[in-house]
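Report on one structure; see the data block that follows.
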Amino acid sequence: MRAGIIIAWLLAWNVEAASLQEVLSWMDRAATNFRSVQARVEKVTYTAVIDDRSAESGEMWLLKTGSRSISVKIEFEAPDRRVITFQDGKAEIYYPKIQTVHVYDLGKEQRLVEQFLLLGFGTAGRELVRQYQVVVRGNERIDGQPTERLELVPRDRRMRERLVKVELWIVAEQGYPVQQKFYWPSGDTTTVTYRAIRLNPPLQPSQLALSLPPNVKREYPQR
């Protein structure tokens, strides 16, 4: 009986990886219907120079407001609370403990930031292969869900100076990510895992703006 269970378990994991074209078609289909997403997020940052890992968790909302425009709000709850928004060409970070908002003008970086934020969610497979060299690295289970792991290397040399590669874990047949891992030139990595994903909840841009108490101090670090 025990041997039969072990064999069944091994067979369940010995699943042939989907072809790249299959995964891209899943993403094309998902992008057609994508409008918004809400999810729990866990972000793990590895800092190579000190061999350190730090984790933070919270909630994310993302709304596609145009063909290439988005609004994003991320509320990190632990270990230190802060709220980040990307909207109308600006990034704002609110630090409740010190009642301060840092405001950044994204300028020419706006498209790059939006590309990273949309990576996987709402990105069609055909767009992905225009911007990245894409390879399927096999199937894995993330939180019990069957996924295909994609490796993406930027085609643009200037982008490779900022980002070495990205890995996406795409839910089989569904075409959206449950995990992303960014590899930076410094040797650092950032891994983002999404849980309790809700696709296309009814969101408005106003819901993704910062809700601030009076007398909050605004600072502009770029100046």
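Order determines the names: the first chain of the structure tokens is A, the second B, and so forth; residues in each chain are numbered 1 upward, and ligands are numbered 1 upward as they are shown.
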- Message: What's around Val72 of chain A at 9 Å? Count only C-alpha atoms, leave out sequence neighbours fewer than 3 positions away in its own chain, and write the answer as a PyMOL selection string.
- Response: chain A and resi 60-64+84-87+117+205+208-209
- as a PyMOL selection string, please: all residues of segment 8-150 of chain A that backbone DSSP puts in strand (DSSP E or B). chain A and resi 36-47+52-64+70-78+82-87+90-95+100-105+132-142+145-150
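The closest residue to Leu203 of chain A, picked from A:Glu140, A:Gln38, A:Gln174, A:Tyr132 and counting only C-alpha atoms, is A:Gln38.
Taking atom CA of Arg195 of chain A as the reference point, atom CA of Lys73 of chain A is found at 16.0 Å.
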- Quick one: of A:Gln204, A:Glu59, A:Val171, A:Leu119, who's nearest to Gly144 of chain A, counting only C-alpha atoms? A:Val171
- Do you have the atom CA of Thr190 of chain A-atom CA of Thr45 of chain A distance handy? 4.6 Å
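The nearest approach to Val136 of chain A among the residues A:Leu210, A:Leu106, A:Asp188, A:Leu24, with only C-alpha atoms taken into account, belongs to A:Leu24.
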- Query: Which polymer residues have any atom within 12 Å of an atom of Thr193 of chain A, counting only C-alpha atoms, with same-chain residues fewer than 2 positions away left out, as a PyMOL selection string?
  - Reply: chain A and resi 39-45+55-60+142-143+167-170+177-182+190-191+195-197
Just-selected residues, N, CA and C atoms written as an mmCIF file, in the first residue's frame:
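Saved to selection_29.cif:
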```
data_model
loop_
_atom_site.group_PDB
_atom_site.id
_atom_site.type_symbol
_atom_site.label_atom_id
_atom_site.label_comp_id
_atom_site.auth_asym_id
_atom_site.auth_seq_id
_atom_site.Cartn_x
_atom_site.Cartn_y
_atom_site.Cartn_z
ATOM 1 N N ALA A 39 -4.363 40.865 -4.142
ATOM 2 C CA ALA A 39 -3.688 39.669 -3.626
ATOM 3 C C ALA A 39 -2.927 39.988 -2.358
ATOM 4 N N ARG A 40 -2.729 38.950 -1.559
ATOM 5 C CA ARG A 40 -1.754 39.016 -0.478
ATOM 6 C C ARG A 40 -0.366 38.860 -1.091
ATOM 7 N N VAL A 41 0.602 39.610 -0.593
ATOM 8 C CA VAL A 41 1.951 39.527 -1.145
ATOM 9 C C VAL A 41 2.963 39.288 -0.034
ATOM 10 N N GLU A 42 3.976 38.513 -0.383
ATOM 11 C CA GLU A 42 5.142 38.372 0.484
ATOM 12 C C GLU A 42 6.364 38.684 -0.369
ATOM 13 N N LYS A 43 7.190 39.619 0.091
ATOM 14 C CA LYS A 43 8.384 40.008 -0.642
ATOM 15 C C LYS A 43 9.611 39.629 0.170
ATOM 16 N N VAL A 44 10.497 38.850 -0.437
ATOM 17 C CA VAL A 44 11.741 38.444 0.211
ATOM 18 C C VAL A 44 12.896 39.062 -0.566
ATOM 19 N N THR A 45 13.707 39.844 0.117
ATOM 20 C CA THR A 45 14.853 40.508 -0.495
ATOM 21 C C THR A 45 16.140 39.860 -0.005
ATOM 22 N N ALA A 55 12.183 39.743 4.915
ATOM 23 C CA ALA A 55 10.850 39.490 4.357
ATOM 24 C C ALA A 55 9.865 40.521 4.875
ATOM 25 N N GLU A 56 8.909 40.877 4.034
ATOM 26 C CA GLU A 56 7.802 41.727 4.444
ATOM 27 C C GLU A 56 6.550 41.259 3.722
ATOM 28 N N SER A 57 5.405 41.520 4.333
ATOM 29 C CA SER A 57 4.157 41.015 3.769
ATOM 30 C C SER A 57 3.085 42.076 3.845
ATOM 31 N N GLY A 58 2.066 41.902 2.981
ATOM 32 C CA GLY A 58 0.980 42.871 2.967
ATOM 33 C C GLY A 58 -0.043 42.545 1.903
ATOM 34 N N GLU A 59 -0.671 43.596 1.375
ATOM 35 C CA GLU A 59 -1.761 43.457 0.410
ATOM 36 C C GLU A 59 -1.477 44.351 -0.792
ATOM 37 N N MET A 60 -1.855 43.877 -1.987
ATOM 38 C CA MET A 60 -1.632 44.633 -3.208
ATOM 39 C C MET A 60 -2.925 44.757 -3.999
ATOM 40 N N ILE A 142 3.706 25.648 -6.479
ATOM 41 C CA ILE A 142 3.848 26.768 -5.553
ATOM 42 C C ILE A 142 2.567 26.833 -4.735
ATOM 43 N N ASP A 143 2.692 26.648 -3.421
ATOM 44 C CA ASP A 143 1.508 26.601 -2.545
ATOM 45 C C ASP A 143 0.469 25.615 -3.059
ATOM 46 N N GLU A 167 12.396 35.383 -13.204
ATOM 47 C CA GLU A 167 11.698 34.100 -13.286
ATOM 48 C C GLU A 167 10.232 34.331 -12.921
ATOM 49 N N LEU A 168 9.345 33.737 -13.692
ATOM 50 C CA LEU A 168 7.907 33.802 -13.420
ATOM 51 C C LEU A 168 7.376 32.392 -13.250
ATOM 52 N N TRP A 169 6.565 32.182 -12.224
ATOM 53 C CA TRP A 169 5.872 30.915 -12.036
ATOM 54 C C TRP A 169 4.418 31.139 -12.448
ATOM 55 N N ILE A 170 4.040 30.628 -13.626
ATOM 56 C CA ILE A 170 2.743 30.882 -14.221
ATOM 57 C C ILE A 170 1.808 29.706 -13.934
ATOM 58 N N PRO A 177 0.804 34.882 -12.800
ATOM 59 C CA PRO A 177 1.877 34.409 -11.917
ATOM 60 C C PRO A 177 1.433 34.261 -10.471
ATOM 61 N N VAL A 178 2.043 33.295 -9.785
ATOM 62 C CA VAL A 178 1.903 33.231 -8.335
ATOM 63 C C VAL A 178 3.235 33.571 -7.667
ATOM 64 N N GLN A 179 4.292 33.696 -8.484
ATOM 65 C CA GLN A 179 5.584 34.067 -7.922
ATOM 66 C C GLN A 179 6.450 34.696 -9.011
ATOM 67 N N GLN A 180 7.249 35.679 -8.598
ATOM 68 C CA GLN A 180 8.211 36.322 -9.476
ATOM 69 C C GLN A 180 9.539 36.422 -8.729
ATOM 70 N N LYS A 181 10.635 36.269 -9.445
ATOM 71 C CA LYS A 181 11.954 36.449 -8.834
ATOM 72 C C LYS A 181 12.802 37.298 -9.760
ATOM 73 N N PHE A 182 13.265 38.445 -9.247
ATOM 74 C CA PHE A 182 14.069 39.387 -10.008
ATOM 75 C C PHE A 182 15.540 39.237 -9.592
ATOM 76 N N THR A 190 15.042 39.718 -5.592
ATOM 77 C CA THR A 190 13.763 40.047 -4.966
ATOM 78 C C THR A 190 12.743 39.012 -5.404
ATOM 79 N N THR A 191 12.145 38.307 -4.442
ATOM 80 C CA THR A 191 11.146 37.288 -4.738
ATOM 81 C C THR A 191 9.800 37.734 -4.192
ATOM 82 N N ARG A 195 -0.659 35.362 -2.977
ATOM 83 C CA ARG A 195 -1.615 34.389 -2.432
ATOM 84 C C ARG A 195 -3.001 35.035 -2.365
ATOM 85 N N ALA A 196 -4.016 34.186 -2.244
ATOM 86 C CA ALA A 196 -5.406 34.662 -2.174
ATOM 87 C C ALA A 196 -5.689 35.644 -3.303
ATOM 88 N N ILE A 197 -5.316 35.269 -4.504
ATOM 89 C CA ILE A 197 -5.450 36.149 -5.671
ATOM 90 C C ILE A 197 -6.911 36.282 -6.081
#
```
Who sits within 7 Å of Leu152 of chain A, only C-alpha atoms, same chain under 5 positions skipped, as an mmCIF file with N, CA and C atoms, in the first residue's frame:
```cif
data_model
loop_
_atom_site.group_PDB
_atom_site.id
_atom_site.type_symbol
_atom_site.label_atom_id
_atom_site.label_comp_id
_atom_site.auth_asym_id
_atom_site.auth_seq_id
_atom_site.Cartn_x
_atom_site.Cartn_y
_atom_site.Cartn_z
ATOM 1 N N TYR A 132 11.646 40.142 -24.014
ATOM 2 C CA TYR A 132 12.531 39.214 -23.317
ATOM 3 C C TYR A 132 12.801 37.969 -24.162
ATOM 4 N N GLN A 133 13.962 37.365 -23.934
ATOM 5 C CA GLN A 133 14.198 36.007 -24.410
ATOM 6 C C GLN A 133 13.584 35.083 -23.358
ATOM 7 N N VAL A 134 12.657 34.250 -23.761
ATOM 8 C CA VAL A 134 11.857 33.477 -22.813
ATOM 9 C C VAL A 134 12.104 31.990 -22.995
ATOM 10 N N VAL A 135 12.339 31.297 -21.869
ATOM 11 C CA VAL A 135 12.575 29.851 -21.873
ATOM 12 C C VAL A 135 11.730 29.220 -20.776
ATOM 13 N N LYS A 165 17.845 39.072 -15.049
ATOM 14 C CA LYS A 165 16.789 38.190 -15.542
ATOM 15 C C LYS A 165 15.639 38.178 -14.544
ATOM 16 N N VAL A 166 14.529 37.587 -14.982
ATOM 17 C CA VAL A 166 13.354 37.406 -14.128
ATOM 18 C C VAL A 166 12.873 35.974 -14.299
ATOM 19 N N GLU A 167 12.396 35.383 -13.204
ATOM 20 C CA GLU A 167 11.698 34.100 -13.286
ATOM 21 C C GLU A 167 10.232 34.331 -12.921
#
```
- Picked from chain A by DSSP as helix (DSSP H, G or I), as a ChimeraX atom specification: /A:2-13,20-33,48-50,96-98,107-118,125-131,157-160,205-208
Written selection (C-alpha atoms) as a PDB file, in the first residue's frame:
```pdb
ATOM      1  CA  ARG A   2       2.762   2.398   0.994  1.00  0.00           C
ATOM      2  CA  ALA A   3       4.718   1.590  -2.201  1.00  0.00           C
ATOM      3  CA  GLY A   4       1.637   2.363  -4.282  1.00  0.00           C
ATOM      4  CA  ILE A   5       1.262   5.760  -2.623  1.00  0.00           C
ATOM      5  CA  ILE A   6       4.936   6.583  -3.250  1.00  0.00           C
ATOM      6  CA  ILE A   7       4.679   5.582  -6.925  1.00  0.00           C
ATOM      7  CA  ALA A   8       1.530   7.681  -7.368  1.00  0.00           C
ATOM      8  CA  TRP A   9       3.267  10.645  -5.728  1.00  0.00           C
ATOM      9  CA  LEU A  10       6.272  10.326  -8.048  1.00  0.00           C
ATOM     10  CA  LEU A  11       4.059  10.069 -11.123  1.00  0.00           C
ATOM     11  CA  ALA A  12       2.172  13.180 -10.043  1.00  0.00           C
ATOM     12  CA  TRP A  13       5.423  15.141 -10.099  1.00  0.00           C
ATOM     13  CA  LEU A  20       6.653  27.751 -24.465  1.00  0.00           C
ATOM     14  CA  GLN A  21       3.893  28.320 -26.998  1.00  0.00           C
ATOM     15  CA  GLU A  22       1.340  26.765 -24.639  1.00  0.00           C
ATOM     16  CA  VAL A  23       2.358  29.011 -21.741  1.00  0.00           C
ATOM     17  CA  LEU A  24       2.373  32.114 -23.945  1.00  0.00           C
ATOM     18  CA  SER A  25      -1.107  31.254 -25.223  1.00  0.00           C
ATOM     19  CA  TRP A  26      -2.342  30.967 -21.604  1.00  0.00           C
ATOM     20  CA  MET A  27      -0.944  34.443 -20.940  1.00  0.00           C
ATOM     21  CA  ASP A  28      -2.474  35.852 -24.137  1.00  0.00           C
ATOM     22  CA  ARG A  29      -5.878  34.557 -23.065  1.00  0.00           C
ATOM     23  CA  ALA A  30      -5.519  35.888 -19.511  1.00  0.00           C
ATOM     24  CA  ALA A  31      -4.386  39.323 -20.737  1.00  0.00           C
ATOM     25  CA  THR A  32      -7.473  39.685 -22.924  1.00  0.00           C
ATOM     26  CA  ASN A  33      -9.769  39.634 -19.888  1.00  0.00           C
ATOM     27  CA  ALA A  48      24.343  39.514  -1.536  1.00  0.00           C
ATOM     28  CA  VAL A  49      27.044  41.735  -0.034  1.00  0.00           C
ATOM     29  CA  ILE A  50      25.974  40.871   3.533  1.00  0.00           C
ATOM     30  CA  PRO A  96       2.866  56.147   9.224  1.00  0.00           C
ATOM     31  CA  LYS A  97       5.338  56.066  12.127  1.00  0.00           C
ATOM     32  CA  ILE A  98       6.868  59.380  11.114  1.00  0.00           C
ATOM     33  CA  GLY A 107       9.467  60.715 -15.462  1.00  0.00           C
ATOM     34  CA  LYS A 108      11.131  58.642 -18.170  1.00  0.00           C
ATOM     35  CA  GLU A 109      11.184  55.673 -15.781  1.00  0.00           C
ATOM     36  CA  GLN A 110       7.396  55.383 -15.715  1.00  0.00           C
ATOM     37  CA  ARG A 111       7.157  52.857 -18.567  1.00  0.00           C
ATOM     38  CA  LEU A 112       9.923  50.727 -17.050  1.00  0.00           C
ATOM     39  CA  VAL A 113       8.234  50.711 -13.633  1.00  0.00           C
ATOM     40  CA  GLU A 114       4.860  49.834 -15.170  1.00  0.00           C
ATOM     41  CA  GLN A 115       6.450  47.045 -17.196  1.00  0.00           C
ATOM     42  CA  PHE A 116       7.865  45.470 -14.031  1.00  0.00           C
ATOM     43  CA  LEU A 117       4.596  45.886 -12.109  1.00  0.00           C
ATOM     44  CA  LEU A 118       2.523  44.374 -14.921  1.00  0.00           C
ATOM     45  CA  GLY A 125       2.649  36.313 -24.110  1.00  0.00           C
ATOM     46  CA  ARG A 126       3.297  37.947 -27.482  1.00  0.00           C
ATOM     47  CA  GLU A 127       4.396  41.153 -25.694  1.00  0.00           C
ATOM     48  CA  LEU A 128       6.630  39.181 -23.376  1.00  0.00           C
ATOM     49  CA  VAL A 129       8.684  37.622 -26.188  1.00  0.00           C
ATOM     50  CA  ARG A 130       9.179  41.025 -27.816  1.00  0.00           C
ATOM     51  CA  GLN A 131      10.866  42.361 -24.689  1.00  0.00           C
ATOM     52  CA  ARG A 157      21.152  45.876 -23.446  1.00  0.00           C
ATOM     53  CA  ARG A 158      20.343  48.962 -21.369  1.00  0.00           C
ATOM     54  CA  MET A 159      17.683  47.059 -19.465  1.00  0.00           C
ATOM     55  CA  ARG A 160      20.128  44.207 -18.789  1.00  0.00           C
ATOM     56  CA  PRO A 205      -8.407  54.669  -9.236  1.00  0.00           C
ATOM     57  CA  SER A 206      -9.535  56.633  -6.167  1.00  0.00           C
ATOM     58  CA  GLN A 207      -9.386  53.438  -4.074  1.00  0.00           C
ATOM     59  CA  LEU A 208      -5.717  53.057  -4.940  1.00  0.00           C
TER      60      LEU A 208
END
```
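The gap separating atom CA of Asn139 of chain A from atom CA of Ile74 of chain A is 28.8 Å, in Å to one decimal.
When only C-alpha atoms are used to compute distances to Thr100 of chain A, the closest of the residues A:Tyr220, A:Tyr176, A:Phe76, A:Trp184 turns out to be A:Tyr220.
Distances here use only C-alpha atoms; by that measure, the residue among A:Arg198, A:Arg137, A:Lys90, A:His102 closest to Arg35 of chain A is A:Arg198.
Closest to Tyr183 of chain A among A:Ser71, A:Thr47, A:Ser19, A:Asn200 is A:Thr47, based on only C-alpha atoms.
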